[in-house]
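J.: upload-v9.txt (compact mmCIF, C-alpha atoms and all ligand atoms) pasted underneath:
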```
# COMPACT_ATOMS: atom_id res chain seq x y z
CA MET I 1 72.82 130.96 -34.56
CA ASN I 2 69.59 132.31 -33.10
CA SER I 3 69.18 133.71 -29.63
CA ILE I 4 66.55 131.65 -27.80
CA LYS I 5 64.07 133.64 -25.78
CA VAL I 6 61.63 132.03 -23.36
CA ARG I 7 58.23 133.66 -23.78
CA HIS I 8 55.41 133.11 -21.35
CA VAL I 9 52.25 133.03 -23.40
CA ASP I 10 48.69 131.90 -22.87
CA PHE I 11 46.57 131.08 -25.87
CA ALA I 12 43.60 129.70 -23.95
CA LYS I 13 40.55 131.25 -25.56
CA GLU I 14 36.96 131.22 -24.53
CA GLU I 15 35.63 131.80 -28.03
CA GLU I 16 34.25 128.94 -30.05
CA THR I 17 36.70 127.22 -32.37
CA PRO I 18 34.93 125.63 -35.37
CA ARG I 19 35.45 121.88 -35.86
CA ASN I 20 36.87 122.56 -39.33
CA TRP I 21 39.19 125.36 -38.14
CA LEU I 22 41.90 124.70 -40.76
CA TRP I 23 40.77 126.17 -44.09
CA GLY I 24 37.22 124.94 -43.50
CA ASN I 25 38.35 121.40 -44.40
CA TYR I 26 37.64 118.52 -41.99
CA LEU I 27 40.43 116.36 -43.46
CA THR I 28 43.25 118.89 -43.15
CA THR I 29 41.89 119.97 -39.75
CA ASN I 30 41.86 116.43 -38.36
CA PHE I 31 45.34 115.80 -39.77
CA VAL I 32 46.66 118.74 -37.71
CA ASN I 33 44.42 117.82 -34.73
CA SER I 34 46.35 114.56 -34.68
CA LEU I 35 49.59 116.58 -34.34
CA HIS I 36 48.01 118.53 -31.46
CA LEU I 37 47.71 115.20 -29.62
CA ILE I 38 51.21 114.05 -30.54
CA PHE I 39 53.18 117.20 -29.69
CA PRO I 40 52.91 117.50 -25.86
CA ASP I 41 54.24 114.00 -25.09
CA GLY I 42 56.69 114.28 -27.98
CA GLU I 43 58.07 117.46 -26.47
CA LYS I 44 58.44 115.77 -23.08
CA TYR I 45 60.47 113.09 -24.89
CA PHE I 46 62.72 115.77 -26.45
CA ILE I 47 63.32 117.27 -23.00
CA ARG I 48 64.08 113.85 -21.45
CA SER I 49 66.50 112.93 -24.20
CA VAL I 50 68.43 116.21 -23.96
CA LYS I 51 68.42 116.21 -20.13
CA ASN I 52 69.81 112.66 -20.15
CA HIS I 53 72.96 114.05 -21.79
CA GLU I 54 73.37 117.43 -20.10
CA GLU I 55 76.52 116.17 -18.34
CA PHE I 56 78.31 116.00 -21.73
CA VAL I 57 77.74 119.70 -22.34
CA LYS I 58 80.81 121.65 -21.23
CA ASP I 59 80.41 124.85 -23.23
CA PRO I 60 78.65 127.47 -21.00
CA GLU I 61 76.89 129.00 -24.02
CA LEU I 62 75.45 125.61 -25.06
CA LYS I 63 74.39 124.97 -21.44
CA LYS I 64 72.35 128.20 -21.56
CA ARG I 65 70.82 127.25 -24.91
CA VAL I 66 69.86 123.84 -23.50
CA LYS I 67 68.02 125.53 -20.61
CA SER I 68 66.15 127.85 -22.97
CA PHE I 69 65.33 124.93 -25.31
CA ILE I 70 63.82 122.99 -22.41
CA ALA I 71 61.82 125.99 -21.21
CA GLN I 72 60.44 126.65 -24.71
CA GLU I 73 59.44 123.00 -25.20
CA VAL I 74 57.68 122.88 -21.80
CA ILE I 75 55.55 125.89 -22.81
CA HIS I 76 54.85 124.45 -26.29
CA GLY I 77 53.56 121.23 -24.75
CA SER I 78 51.31 122.99 -22.27
CA GLU I 79 49.83 125.30 -24.93
CA HIS I 80 49.01 122.39 -27.27
CA LYS I 81 47.51 120.51 -24.35
CA LYS I 82 45.07 123.36 -23.69
CA PHE I 83 43.58 122.68 -27.10
CA TRP I 84 42.75 119.13 -25.96
CA ASN I 85 39.91 120.64 -23.88
CA THR I 86 38.50 122.26 -27.00
CA LEU I 87 38.66 118.95 -28.88
CA GLN I 88 36.82 117.25 -26.02
CA LYS I 89 34.20 120.02 -25.92
CA GLN I 90 33.75 119.46 -29.66
CA GLY I 91 32.81 115.89 -28.75
CA TYR I 92 35.91 113.98 -29.86
CA ASP I 93 37.27 111.04 -27.88
CA ILE I 94 41.00 111.74 -27.60
CA ASP I 95 41.77 109.34 -24.73
CA THR I 96 41.78 106.18 -26.89
CA PHE I 97 44.51 107.58 -29.12
CA LEU I 98 46.53 109.11 -26.25
CA LYS I 99 46.53 105.81 -24.35
CA PHE I 100 47.67 103.85 -27.42
CA TYR I 101 50.28 106.50 -28.33
CA ASN I 102 51.79 106.70 -24.82
CA GLU I 103 51.89 102.97 -24.23
CA SER I 104 53.35 102.04 -27.60
CA CYS I 105 55.65 104.98 -28.31
CA TYR I 106 57.07 105.74 -24.88
CA GLU I 107 56.32 102.93 -22.37
CA ASN I 108 57.42 100.29 -24.90
CA LEU I 109 59.37 101.58 -27.91
CA GLU I 110 61.39 104.23 -26.04
CA VAL I 111 62.36 101.73 -23.33
CA TRP I 112 63.27 99.02 -25.86
CA MET I 113 65.37 101.38 -27.96
CA ASN I 114 67.18 102.78 -24.90
CA ASN I 115 68.05 99.23 -23.86
CA PHE I 116 69.05 98.23 -27.39
CA ARG I 117 71.00 101.31 -28.53
CA GLY I 118 71.46 103.42 -25.39
CA THR I 119 69.89 106.75 -24.49
CA LYS I 120 71.91 108.50 -27.21
CA HIS I 121 69.39 107.00 -29.64
CA GLY I 122 66.60 109.09 -28.07
CA LEU I 123 68.79 112.17 -28.52
CA ALA I 124 69.37 111.27 -32.19
CA VAL I 125 65.60 110.86 -32.70
CA THR I 126 65.11 114.28 -31.09
CA VAL I 127 67.72 115.81 -33.42
CA ALA I 128 65.84 114.38 -36.42
CA LEU I 129 62.44 115.54 -35.15
CA GLU I 130 63.82 118.99 -34.39
CA HIS I 131 64.94 119.19 -38.02
CA LEU I 132 61.49 118.08 -39.18
CA THR I 133 59.66 120.58 -36.93
CA ALA I 134 61.93 123.47 -38.01
CA SER I 135 61.31 122.43 -41.64
CA LEU I 136 57.58 122.30 -41.01
CA ALA I 137 57.85 125.75 -39.44
CA GLU I 138 59.52 127.13 -42.56
CA TYR I 139 56.83 125.41 -44.65
CA VAL I 140 53.94 127.11 -42.81
CA PHE I 141 55.58 130.54 -43.05
CA VAL I 142 56.61 130.31 -46.70
CA ASN I 143 54.44 127.74 -48.54
CA LYS I 144 51.31 128.26 -46.43
CA LYS I 145 51.69 132.06 -46.21
CA GLU I 146 51.64 132.20 -42.39
CA LEU I 147 48.63 129.86 -42.34
CA GLU I 148 46.43 132.43 -44.08
CA GLY I 149 42.77 131.43 -43.84
CA THR I 150 43.20 129.48 -40.59
CA HIS I 151 40.84 130.30 -37.70
CA GLU I 152 42.54 133.01 -35.61
CA ASN I 153 42.22 131.07 -32.30
CA LEU I 154 44.85 128.65 -33.52
CA ARG I 155 46.76 130.56 -36.16
CA THR I 156 48.89 132.71 -33.88
CA MET I 157 49.56 129.79 -31.54
CA LEU I 158 50.81 127.58 -34.37
CA LEU I 159 52.96 130.39 -35.81
CA TRP I 160 54.47 131.18 -32.39
CA HIS I 161 55.38 127.50 -31.96
CA ALA I 162 56.81 127.43 -35.50
CA ALA I 163 58.95 130.54 -34.89
CA GLU I 164 60.41 129.12 -31.66
CA GLU I 165 61.16 125.80 -33.40
CA ILE I 166 63.32 127.78 -35.83
CA GLU I 167 64.98 129.64 -32.93
CA HIS I 168 66.11 126.48 -31.13
CA LYS I 169 66.61 124.20 -34.17
CA SER I 170 70.30 123.48 -33.52
CA VAL I 171 70.36 122.89 -29.73
CA ALA I 172 69.72 119.11 -29.67
CA PHE I 173 72.08 118.71 -32.67
CA ASP I 174 74.91 120.47 -30.82
CA VAL I 175 74.35 118.28 -27.75
CA LEU I 176 74.44 115.11 -29.89
CA LYS I 177 77.77 116.31 -31.37
CA GLU I 178 79.20 116.18 -27.83
CA VAL I 179 77.72 112.73 -27.13
CA ASP I 180 78.10 110.85 -30.41
CA PRO I 181 78.86 112.77 -33.61
CA SER I 182 78.64 109.65 -35.81
CA TYR I 183 76.67 109.74 -39.04
CA LYS I 184 75.18 106.30 -38.36
CA THR I 185 73.62 107.38 -35.04
CA ARG I 186 72.07 110.45 -36.68
CA MET I 187 70.70 108.39 -39.60
CA ILE I 188 69.16 105.70 -37.38
CA GLY I 189 67.55 108.53 -35.41
CA MET I 190 66.02 109.96 -38.61
CA ILE I 191 64.62 106.56 -39.70
CA HIS I 192 63.01 106.13 -36.26
CA ALA I 193 61.65 109.71 -36.39
CA ILE I 194 60.10 109.36 -39.85
CA CYS I 195 58.48 105.99 -39.04
CA THR I 196 57.00 106.99 -35.68
CA LEU I 197 55.87 110.51 -36.68
CA SER I 198 54.17 109.22 -39.87
CA PHE I 199 52.59 106.22 -38.15
CA PHE I 200 51.13 108.03 -35.12
CA THR I 201 49.98 111.04 -37.17
CA LEU I 202 48.06 108.70 -39.48
CA VAL I 203 46.57 106.65 -36.63
CA GLY I 204 45.38 109.86 -34.91
CA PHE I 205 44.03 111.20 -38.20
CA PHE I 206 42.06 108.00 -38.96
CA LEU I 207 40.61 107.93 -35.42
CA PHE I 208 39.45 111.55 -35.77
CA MET I 209 37.98 110.90 -39.24
CA LYS I 210 36.21 107.74 -38.05
CA GLN I 211 34.46 109.82 -35.39
CA GLU I 212 33.82 112.66 -37.83
CA ILE I 213 32.06 110.44 -40.36
CA LEU I 214 30.53 107.61 -38.32
CA ASP I 215 29.66 109.36 -35.04
CA LYS I 216 29.01 112.94 -36.14
CA GLY I 217 27.70 112.11 -39.63
CA THR I 218 29.82 114.85 -41.23
CA LYS I 219 29.63 114.74 -45.03
CA ILE I 220 33.04 115.16 -46.69
CA SER I 221 32.85 116.72 -50.14
CA LEU I 222 34.90 115.62 -53.15
CA SER I 223 36.54 119.03 -53.30
CA GLU I 224 37.65 118.67 -49.64
CA ILE I 225 39.19 115.27 -50.46
CA TRP I 226 40.97 116.65 -53.53
CA GLU I 227 42.24 119.68 -51.59
CA PHE I 228 43.53 117.38 -48.84
CA ILE I 229 45.36 115.14 -51.34
CA LEU I 230 47.05 118.21 -52.86
CA GLN I 231 48.02 119.57 -49.42
CA VAL I 232 49.50 116.26 -48.25
CA THR I 233 51.38 115.75 -51.53
CA GLU I 234 52.89 119.23 -51.25
CA LEU I 235 53.81 118.68 -47.61
CA VAL I 236 55.42 115.29 -48.23
CA SER I 237 57.48 116.54 -51.18
CA SER I 238 58.65 119.56 -49.17
CA MET I 239 59.62 117.35 -46.21
CA ALA I 240 61.42 114.91 -48.54
CA LYS I 241 63.66 117.77 -49.74
CA GLU I 242 64.42 118.78 -46.14
CA ILE I 243 65.23 115.18 -45.20
CA ALA I 244 67.63 115.00 -48.17
CA ILE I 245 69.49 118.04 -46.74
CA PHE I 246 69.72 116.29 -43.35
CA LEU I 247 71.34 113.27 -45.02
CA LYS I 248 74.47 115.25 -46.00
CA PRO I 249 77.38 114.08 -43.85
CA ASP I 250 78.40 117.68 -42.99
CA PHE I 251 74.86 118.85 -42.24
CA HIS I 252 74.28 121.36 -39.44
CA PRO I 253 70.84 122.95 -38.74
CA ASP I 254 72.33 126.46 -38.84
CA GLN I 255 73.13 125.93 -42.53
CA VAL I 256 69.38 126.13 -43.30
CA PRO I 257 68.68 129.81 -44.04
CA ASN I 258 65.35 130.26 -42.25
CA ASP I 259 66.36 132.21 -39.12
CA HIS I 260 64.88 135.41 -40.59
CA LEU I 261 61.39 133.86 -40.42
CA ALA I 262 61.49 133.69 -36.62
CA VAL I 263 62.89 137.24 -36.43
CA TYR I 264 60.15 138.40 -38.82
CA PHE I 265 57.41 136.75 -36.77
CA PHE I 266 58.48 138.31 -33.49
CA GLN I 267 58.79 141.72 -35.15
CA LYS I 268 55.29 141.39 -36.52
CA TYR I 269 53.71 139.89 -33.41
CA LYS I 270 54.23 141.25 -29.93
CA VAL I 271 54.29 138.72 -27.12
CA GLU I 272 52.12 139.96 -24.29
CA LYS I 273 51.45 138.33 -20.99
CA GLU I 274 48.17 136.80 -22.13
CA LYS I 275 48.25 136.78 -25.90
CA LEU I 276 50.06 137.51 -29.13
CA GLU I 277 48.75 140.33 -31.24
CA VAL I 278 49.70 141.86 -34.54
CA ILE I 279 51.46 145.16 -33.86
CA GLN I 280 52.66 146.02 -37.33
CA ASN I 281 52.59 144.77 -40.87
CA VAL I 282 55.92 143.55 -42.13
CA ALA I 283 56.21 143.25 -45.90
FE FE W 301 58.16 122.60 -29.68
FE FE W 302 61.56 121.87 -30.76
```
Can you give me the file's structure in the form of structure tokens?
Ligand SMILES: [Fe+2]
Ligand SMILES: [Fe+2]

T.:
Amino acid sequence: MNSIKVRHVDFAKEEETPRNWLWGNYLTTNFVNSLHLIFPDGEKYFIRSVKNHEEFVKDPELKKRVKSFIAQEVIHGSEHKKFWNTLQKQGYDIDTFLKFYNESCYENLEVWMNNFRGTKHGLAVTVALEHLTASLAEYVFVNKKELEGTHENLRTMLLWHAAEEIEHKSVAFDVLKEVDPSYKTRMIGMIHAICTLSFFTLVGFFLFMKQEILDKGTKISLSEIWEFILQVTELVSSMAKEIAIFLKPDFHPDQVPNDHLAVYFFQKYKVEKEKLEVIQNVA
């Protein structure tokens, strides 16, 4: 089990971030831009769902981990939100998506599901999404070679978030074990997580691409399209394997051997008050 450290960072940068900051490809960039819009409210949902069940946590060590988990997620949300200003300066309308996302996902769906299945359902969805984000974190470190080739303004921020997702990957799971350890609850949570994450990521992506092509007149090359198809195929097949691991009845997040990636990252990058910088090369 990882120790969970709360790090106060600030990735706000004055420098220009190119519109195609992810590998120079507008399709992959807008796919991840969509996640930038989804994460802050998603992280508030994680915090709500864990806080709703804090009373079930009796173990003092787990209580401490819950507090650190909440603090980390608050900082993640606020750092992703800072990038919203950059997206707006780049001329994108983000409000249309955010309004749709908040109204449908939280003001309606969350309320309906809480009434239908109880608040433990939100916790089970959080457990599933925490597994998916920790898996995505491992994917960017290993498959994507620490996001090599990504514009530096965002690279360190995304890697810092990824490393902390690995650090706190088992907290929500351990809280759900105290509330409702049933396999059915965990599985329903994963179905909800896959459907909502895929749906809202795609809606955000299509809204960004509509603006990119129709409003900004950006020409998308065939090689960019092909590269994007390969990237998404690789991502989906990697996530499918991680979901299969989650389906095992005796699954626990600490069984996934990726803790060393977070340790590696924080050895390689020093957290300073204002920024993260490379302090040494780790082979
Ligand atoms: Fe997070
Ligand atoms: Fe998380």

J.: Do you know which residues are at most 7 Å from Glu146 in chain I counting all atoms listed in the file, after dropping those on the same chain fewer than 5 positions away, and could you put them as a ChimeraX atom specification?

T.: /I:140-141,159

J.: Output the neighbourhood of ligand FE 301 (chain W) as a PyMOL selection string, that is, all protein and nucleic acid residues with some atom at most 6 Å from the ligand, counting only C-alpha atoms and all ligand atoms.

T.: chain I and resi 73+76+165

J.: What do you get as number ranges by chain if you pick all residues at most 9 Å from ligand FE 302 (chain W), counting only C-alpha atoms and all ligand atoms?

T.: I: 43, 46, 69-70, 72-73, 76, 126, 129-131, 133-134, 161-162, 164-169, 171-172

J.: List as number ranges by chain: which residues have an atom within 9 Å of (37.7, 117.9, -35.9), counting all atoms listed in the file?

T.: I: 18-21, 26-27, 29-31, 33, 87, 90-92, 208-209, 211-212

J.: What does the distance between CA of Arg48 in chain I and CA of Thr119 in chain I come to in Å, to one decimal place?

T.: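 So the two atoms, CA of Arg48 in chain I and CA of Thr119 in chain I, lie 9.7 Å apart.
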
J.: With only C-alpha atoms as the counted atoms, please give the residues lying no more than 9 Å from range 188-192 of chain I, apart from itself and same-chain residues fewer than 3 positions off, as a PDB file with C-alpha atoms, keeping the file's coordinate frame.

T.:
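Saved as out26.pdb:
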```pdb
ATOM      1  CA  HIS I 121      69.390 107.000 -29.640  1.00  0.00           C
ATOM      2  CA  GLY I 122      66.600 109.090 -28.070  1.00  0.00           C
ATOM      3  CA  LEU I 123      68.790 112.170 -28.520  1.00  0.00           C
ATOM      4  CA  ALA I 124      69.370 111.270 -32.190  1.00  0.00           C
ATOM      5  CA  VAL I 125      65.600 110.860 -32.700  1.00  0.00           C
ATOM      6  CA  THR I 126      65.110 114.280 -31.090  1.00  0.00           C
ATOM      7  CA  VAL I 127      67.720 115.810 -33.420  1.00  0.00           C
ATOM      8  CA  ALA I 128      65.840 114.380 -36.420  1.00  0.00           C
ATOM      9  CA  LEU I 129      62.440 115.540 -35.150  1.00  0.00           C
ATOM     10  CA  TYR I 183      76.670 109.740 -39.040  1.00  0.00           C
ATOM     11  CA  LYS I 184      75.180 106.300 -38.360  1.00  0.00           C
ATOM     12  CA  THR I 185      73.620 107.380 -35.040  1.00  0.00           C
ATOM     13  CA  CYS I 195      58.480 105.990 -39.040  1.00  0.00           C
ATOM     14  CA  THR I 196      57.000 106.990 -35.680  1.00  0.00           C
ATOM     15  CA  LEU I 197      55.870 110.510 -36.680  1.00  0.00           C
ATOM     16  CA  ILE I 243      65.230 115.180 -45.200  1.00  0.00           C
ATOM     17  CA  PHE I 246      69.720 116.290 -43.350  1.00  0.00           C
ATOM     18  CA  LEU I 247      71.340 113.270 -45.020  1.00  0.00           C
TER      19      LEU I 247
END
```

J.: Identify which of the residues I:Leu235, I:Leu132, I:Leu207, I:Val111 lies closest to Pro253 in chain I, counting all atoms listed in the file when measuring atom-to-atom distances.

T.: I:Leu132

J.: Which residues, written as a ChimeraX atom specification, have at least one atom at most 7 Å from range 51-63 of chain I, with only C-alpha atoms counted and residues fewer than 2 positions away on the same chain left out?

T.: /I:47-49,65-67,175,178-179

J.: Please produce a file of those selected residues containing C-alpha atoms, as a short mmCIF file (atom, residue, chain, number, x, y, z; two decimals), keeping the file's coordinate frame.

T.:
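Result saved to result_0.cif:
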```cif
data_model
loop_
_atom_site.label_atom_id
_atom_site.label_comp_id
_atom_site.auth_asym_id
_atom_site.auth_seq_id
_atom_site.Cartn_x
_atom_site.Cartn_y
_atom_site.Cartn_z
CA ILE I 47 63.32 117.27 -23.00
CA ARG I 48 64.08 113.85 -21.45
CA SER I 49 66.50 112.93 -24.20
CA ARG I 65 70.82 127.25 -24.91
CA VAL I 66 69.86 123.84 -23.50
CA LYS I 67 68.02 125.53 -20.61
CA VAL I 175 74.35 118.28 -27.75
CA GLU I 178 79.20 116.18 -27.83
CA VAL I 179 77.72 112.73 -27.13
#
```

J.: Do you know which residues are at most 6 Å from range 220-228 of chain I counting all atoms listed in the file, after dropping those on the same chain fewer than 3 positions away, and could you put them as a PyMOL selection string?

T.: chain I and resi 25+28+231

J.: Please indicate the distance in Å from CA of Gly24 in chain I to CA of Val74 in chain I, rounded to one decimal place.

T.: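 Calculated distance between CA of Gly24 in chain I and CA of Val74 in chain I is 29.9 Å.
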
J.: Choose the residue, out of I:Gly204, I:Ile75, I:Asp95, I:Trp23, that has the smallest atom-to-atom separation from Leu147 in chain I; count all atoms listed in the file.

T.: I:Trp23

J.: For CA of Val236 in chain I and CA of Lys144 in chain I, determine how far apart the two atoms are, in Å to one decimal place.

T.: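 Going from CA of Val236 in chain I over to CA of Lys144 in chain I, I get 13.7 Å.
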